[in-house]
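Notes to accompany the following structure.
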Amino acid sequence: MQSKLRTKDRLWSTEESTFCSLCGTGVESHDHLFFQCPYAKVVWTDVNQIAHTNWAHLAWDELTRWAAINFSAMHNHSHLVARLTLSAVVYYVWFERNNRIFNGTSKTPISLVAEIHQLLRLHLSAIKLKHPLSEIIKTRWGLA
Ligand SMILES: [Zn+2]
């Protein structure tokens, strides 16, 4: 996943604008799109609150390296939630960005957060684990 997504700073020759389609002001790069963008920041703040995670303090390259090293252990359910959260936010922000560019549709950060919340809840309820989720996590996600 490391820097392979073709953000506009890598596609400048084929795109009309290098500006971020989520906020319209920042130059679109991985760091901007996924973390520094005001739109993404709202999504992160709300999702971190829901998932009790604390993402968005690293640059994209550091983050993907850190995640690859630390998130292989499935038995740690806090890490599992954090990994699912990271994947979901990156996926939804990327999807939102593409919808704006290619379909001309847009969603508010609040509706994106609601979809991410729903997806994470579904994942956590369906995932097969060796050890059941802790009561804290089940209660937090309405799975108790
Ligand atoms: Zn932006």
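So you can find residues: chains in the structure tokens are A, B, ... in the order shown, residues in each start at 1, and ligands are numbered from 1 in order.
Neighbouring residues of stretch 103-105 of chain A at 12 Å or closer, counting only C-alpha atoms and skipping chain neighbours under 6 positions away, are Ser21, Leu22, Phe95, Glu96 and Arg97 of chain A.
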Sorted by chain and rising residue number, which residues of chain A lie within 7 Å of ligand 1, and what are their closest atom pairs and distances in Å to one decimal, counting only C-alpha atoms and all ligand atoms, as a tab-separated table?
```
residue	atom	partner	partner_atom_place_in_ligand_line	distance
A:Cys20	CA	ligand 1	1 (Zn)	4.5
A:Ser21	CA	ligand 1	1 (Zn)	6.4
A:Leu22	CA	ligand 1	1 (Zn)	4.8
A:Cys23	CA	ligand 1	1 (Zn)	4.0
A:Gly24	CA	ligand 1	1 (Zn)	6.0
A:Thr25	CA	ligand 1	1 (Zn)	6.2
A:Gly26	CA	ligand 1	1 (Zn)	5.0
A:Glu28	CA	ligand 1	1 (Zn)	6.6
A:His32	CA	ligand 1	1 (Zn)	6.1
A:Leu33	CA	ligand 1	1 (Zn)	5.5
A:Cys37	CA	ligand 1	1 (Zn)	3.8
A:Pro38	CA	ligand 1	1 (Zn)	6.0
A:Tyr39	CA	ligand 1	1 (Zn)	6.3
```
Could you dump the residues just selected with N, CA and C atoms as a PDB file, in the first residue's frame?
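Result written to selection10.pdb:
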```pdb
ATOM      1  N   CYS A  20      -6.600  19.131  -3.957  1.00  0.00           N
ATOM      2  CA  CYS A  20      -7.366  18.084  -3.309  1.00  0.00           C
ATOM      3  C   CYS A  20      -8.857  18.264  -3.593  1.00  0.00           C
ATOM      4  N   SER A  21      -9.515  17.186  -4.013  1.00  0.00           N
ATOM      5  CA  SER A  21     -10.938  17.303  -4.329  1.00  0.00           C
ATOM      6  C   SER A  21     -11.826  17.257  -3.085  1.00  0.00           C
ATOM      7  N   LEU A  22     -11.246  16.970  -1.942  1.00  0.00           N
ATOM      8  CA  LEU A  22     -12.042  16.955  -0.713  1.00  0.00           C
ATOM      9  C   LEU A  22     -12.166  18.349  -0.097  1.00  0.00           C
ATOM     10  N   CYS A  23     -11.070  19.106  -0.113  1.00  0.00           N
ATOM     11  CA  CYS A  23     -11.114  20.442   0.497  1.00  0.00           C
ATOM     12  C   CYS A  23     -10.961  21.549  -0.536  1.00  0.00           C
ATOM     13  N   GLY A  24     -10.420  21.224  -1.704  1.00  0.00           N
ATOM     14  CA  GLY A  24     -10.267  22.205  -2.776  1.00  0.00           C
ATOM     15  C   GLY A  24      -9.115  23.180  -2.587  1.00  0.00           C
ATOM     16  N   THR A  25      -8.356  23.043  -1.524  1.00  0.00           N
ATOM     17  CA  THR A  25      -7.280  24.008  -1.283  1.00  0.00           C
ATOM     18  C   THR A  25      -5.896  23.360  -1.235  1.00  0.00           C
ATOM     19  N   GLY A  26      -5.754  22.262  -0.495  1.00  0.00           N
ATOM     20  CA  GLY A  26      -4.443  21.636  -0.358  1.00  0.00           C
ATOM     21  C   GLY A  26      -4.030  20.942  -1.636  1.00  0.00           C
ATOM     22  N   GLU A  28      -2.928  17.778  -3.458  1.00  0.00           N
ATOM     23  CA  GLU A  28      -3.215  16.389  -3.096  1.00  0.00           C
ATOM     24  C   GLU A  28      -1.968  15.504  -3.111  1.00  0.00           C
ATOM     25  N   HIS A  32      -1.469  14.642   2.548  1.00  0.00           N
ATOM     26  CA  HIS A  32      -2.570  15.601   2.596  1.00  0.00           C
ATOM     27  C   HIS A  32      -3.908  14.874   2.596  1.00  0.00           C
ATOM     28  N   LEU A  33      -4.127  14.045   1.596  1.00  0.00           N
ATOM     29  CA  LEU A  33      -5.433  13.410   1.400  1.00  0.00           C
ATOM     30  C   LEU A  33      -5.883  12.619   2.630  1.00  0.00           C
ATOM     31  N   CYS A  37      -5.651  16.894   5.269  1.00  0.00           N
ATOM     32  CA  CYS A  37      -6.844  17.506   4.689  1.00  0.00           C
ATOM     33  C   CYS A  37      -7.882  17.771   5.788  1.00  0.00           C
ATOM     34  N   PRO A  38      -8.457  18.970   5.818  1.00  0.00           N
ATOM     35  CA  PRO A  38      -9.476  19.260   6.844  1.00  0.00           C
ATOM     36  C   PRO A  38     -10.627  18.255   6.817  1.00  0.00           C
ATOM     37  N   TYR A  39     -11.015  17.798   5.638  1.00  0.00           N
ATOM     38  CA  TYR A  39     -12.085  16.798   5.509  1.00  0.00           C
ATOM     39  C   TYR A  39     -11.659  15.500   6.205  1.00  0.00           C
TER      40      TYR A  39
END
```
Nearest to A:Phe19 by atom-to-atom distance, counting only C-alpha atoms, from A:Ser78, A:Thr7, A:Asn70, A:Asn48: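 Between A:Ser78, A:Thr7, A:Asn70, A:Asn48, the residue approaching A:Phe19 most closely is A:Thr7.
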Residues within 12 Å of A:Val42, only C-alpha atoms, excluding chain neighbours under 5 positions, as a list in words: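 Near neighbours after the sequence-gap exclusion: Leu22, Cys23, Phe34, Phe35, Gln36, Cys37, Val47, Asn48, Gln49, Ala56, Val89, Val93, Thr108, Pro109, Ile110, Ser111, Leu112 and Val113 of chain A.
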Point-to-point distance from atom CA of A:His117 to atom CA of A:Ala51, Å rounded to tenths: 8.3 Å
Contacts of stretch 130-134 of chain A within 12 Å, only C-alpha atoms, excl. fewer than 5 positions in-chain, as a VMD selection string: chain A and resid 73 to 81 124 to 125 139 to 144
Members of chain A assigned helix (DSSP H, G or I) by DSSP, as number ranges by chain: A: 8-10, 30-36, 38-51, 60-70, 77-103, 109-126, 135-140
Atom CA of A:Trp55 to atom CA of A:Ser29, distance in Å rounded to a single decimal: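 Value for the atom CA of A:Trp55-atom CA of A:Ser29 distance: 17.8 Å.
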Interatomic distance (Å, one decimal) between atom CA of A:Trp94 and atom CA of A:Arg121: 20.1 Å
